[in-house]
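**Student:** Structure incoming, see below.
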Amino acid sequence: MRLITICFWLVSSTVIFSSCKKEREIENNTNKPTVSEAANAKANQDLKFNTFKGPQIEVGAGYGRTFATISHTGVPQEVGVILTEEAFTGLPTVNTIFSLPFHHKAIEATLFEHVALGLSVGGHGLPPSGFIGAHFDFRFFMMTEEERLAIPAPPAPGFNVAPPAGYLPANYALNAPVAQIGRHWGENIFTAGVIVNHTMIYGTWEGVFTFINPIVTVSTLTNGASQSVAYPQPQFFAEHGYYPTKYNIYADNKGHYITLSDFVWR
């Protein structure tokens, strides 16, 4: 009988201890998501986003405006410019800059301050000996409009200061210097006779990387072609933030889009 009593006590104690342990584990884990649950929650937040649009600015007989689509966790998904169909008619006959502001939410989430939309009516050369015809420059500036407008005309010394090695993509070469814009740099691959419809230009001022610039011919924009292009990236970045790795060209019934996407934290 004594042996049976001891055995019963040991079994009962084990059950009670095990039950209490499980209760403590449940209590300790209450409302504490696992690593995978936390990752899924963040992914779900990244899938939720809002689009913030800048004001409409007259371009030709139509309008242009910026927009930025940003996840609920603050990660930019797509940043770009929308041009209405009418924007391609009634354009100036001389090179013109249209300044397109960003919504303040876009400025908070990205490195961009504004877009200097440039109309190049006659086109220009591309290194080493190529050429692109009439086009728009979509210059996404990482400096304020006031700072940009203070850039003097060439041959001011700041145009010839190159960034340190690695702060521009490999194989990028000097391109046009422009007042109130800065120095352009183009991929050194375009030879005479090659038809260039779009490419990515980088911009600097006084040796500092200041803008990202997809350039697209007017004919490419108006024919509604769709493109998504991964473009060359620098090795180093002077400022931490989200940087795009693709530029996109597309159209729908609301207008023509030139955008940056596939952002990566640098």
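Going by the structure tokens order, chains are called A, B, ..., each with residues numbered from 1, while ligands are numbered from 1 in the order shown.
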Could you produce a table of the residues of stretch 156-253 of chain A lying within 12 Å of stretch 95-107 of chain A, with the nearest pair of atoms per residue and their separation in Å rounded to one decimal, using only C-alpha atoms, ordered by chain and increasing residue number, as a Markdown table?
**Tutor:**
| residue | atom | partner | partner_atom | distance |
| --- | --- | --- | --- | --- |
| A:Val178 | CA | A:Asn95 | CA | 11.2 |
| A:Ala179 | CA | A:Ile97 | CA | 11.0 |
| A:Gln180 | CA | A:Ile97 | CA | 9.6 |
| A:Ile181 | CA | A:Ile97 | CA | 9.5 |
| A:Gly241 | CA | A:Ile107 | CA | 11.6 |
| A:Tyr242 | CA | A:Ile107 | CA | 11.7 |
**Student:** Please identify all polymer residues within 8 Å of A:Tyr231, counting only C-alpha atoms, omitting same-chain residues fewer than 6 positions from it, and present them as a list in words.
**Tutor:**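 Residues near the query, excluding close chain neighbours: Met200, Thr245, Lys246 and Tyr247 of chain A.
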**Student:** Take the residues from that selection and write them out as a short mmCIF file (atom, residue, chain, number, x, y, z; two decimals), in the first residue's frame, keeping C-alpha atoms.
**Tutor:**
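Full text of part.cif as output:
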data_model
loop_
_atom_site.label_atom_id
_atom_site.label_comp_id
_atom_site.auth_asym_id
_atom_site.auth_seq_id
_atom_site.Cartn_x
_atom_site.Cartn_y
_atom_site.Cartn_z
CA MET A 200 19.71 56.37 -67.92
CA THR A 245 17.32 50.08 -59.57
CA LYS A 246 14.89 50.15 -62.52
CA TYR A 247 13.22 52.76 -64.68
#
**Student:** Between A:Val194, A:Val79, A:Ala134, A:Ala176, which has the minimum distance to A:Thr51 (counting only C-alpha atoms)?
**Tutor:** A:Val79
**Student:** Can you check which parts of stretch 104-200 of chain A lie within 12 Å of stretch 255-259 of chain A? Per residue, the shortest pair of atoms and distance in Å to one decimal, counting only C-alpha atoms, sorted by chain and number, as CSV.
**Tutor:**
residue,atom,partner,partner_atom,distance
A:Val115,CA,A:Thr259,CA,11.4
A:Leu117,CA,A:Ile258,CA,11.0
A:Phe136,CA,A:Ile258,CA,10.1
A:Asp137,CA,A:Ile258,CA,10.1
A:Phe138,CA,A:Ile258,CA,7.7
A:Arg139,CA,A:Ile258,CA,10.8
A:Phe140,CA,A:Thr259,CA,9.9
A:His198,CA,A:Ile258,CA,10.9
A:Thr199,CA,A:Ile258,CA,11.9
A:Met200,CA,A:Ile258,CA,11.8
**Student:** Name the residues of stretch 65-226 of chain A that fall into helix (DSSP H, G or I) according to DSSP on the backbone, using the chain letters and numbers of this document, as a VMD selection string.
**Tutor:** chain A and resid 85 to 88 104 to 109 145 to 149 157 to 160 218 to 222
**Student:** Which one of A:Gly118, A:Gly123, A:Gly80, A:Pro234 sits closest to A:Lys53 if you count only C-alpha atoms?
**Tutor:**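 Of all the options, A:Gly80 lies closest to A:Lys53.
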**Student:** Which of stretch 84-206 of chain A end up as strand (DSSP E or B) when DSSP is run on this backbone - answer as a ChimeraX atom specification?
**Tutor:** /A:96-101,114-120,124-126,128,130-132,135-141,172-178,182-187,190,195,198-205
**Student:** If I take atom CA of A:Ala251 and atom CA of A:Glu86, how far is one from the other in Å, to one decimal?
**Tutor:** 13.4 Å
**Student:** Give me, as a Markdown table, each residue of stretch 99-142 of chain A that comes within 10 Å of stretch 182-189 of chain A, together with its shortest interatomic pair and the distance in Å at one decimal, counting only C-alpha atoms, with rows ordered by chain and rising residue number.
**Tutor:**
| residue | atom | partner | partner_atom | distance |
| --- | --- | --- | --- | --- |
| A:Gly125 | CA | A:Gly186 | CA | 9.7 |
| A:Leu126 | CA | A:Gly186 | CA | 6.5 |
| A:Pro127 | CA | A:Asn188 | CA | 4.9 |
| A:Pro128 | CA | A:Asn188 | CA | 5.6 |
| A:Ser129 | CA | A:Ile189 | CA | 8.5 |
| A:Gly130 | CA | A:Ile189 | CA | 8.1 |
**Student:** Once you count only C-alpha atoms, what closest atom pair and distance in Å to one decimal does each residue of stretch 217-237 of chain A within 10 Å of stretch 170-174 of chain A have, with rows by chain and rising residue number, as a tab-separated table?
**Tutor:**
residue	atom	partner	partner_atom	distance
A:Pro232	CA	A:Ala170	CA	7.8
A:Gln233	CA	A:Ala170	CA	8.1
A:Pro234	CA	A:Ala170	CA	7.2
A:Gln235	CA	A:Ala170	CA	8.4
**Student:** Create the file for the chosen residues now, containing C-alpha atoms and written as a PDB file, in the first residue's frame.
**Tutor:**
ATOM      1  CA  PRO A 232      23.856  50.435 -63.972  1.00  0.00           C
ATOM      2  CA  GLN A 233      24.408  51.182 -60.282  1.00  0.00           C
ATOM      3  CA  PRO A 234      27.252  52.940 -58.451  1.00  0.00           C
ATOM      4  CA  GLN A 235      29.383  50.951 -56.052  1.00  0.00           C
TER       5      GLN A 235
END
**Student:** Considering only C-alpha atoms, state which residue in the set A:Ile215, A:Ala192, A:Ala87, A:Ile249 is at the smallest distance from A:Ala116.
**Tutor:**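 Going through A:Ile215, A:Ala192, A:Ala87, A:Ile249 one by one, the smallest distance to A:Ala116 is for A:Ile215.
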**Student:** Smallest atom-to-atom distance to A:Val81: which of A:Thr66, A:Thr93, A:Asn160, A:Asn253, using only C-alpha atoms?
**Tutor:** A:Thr66
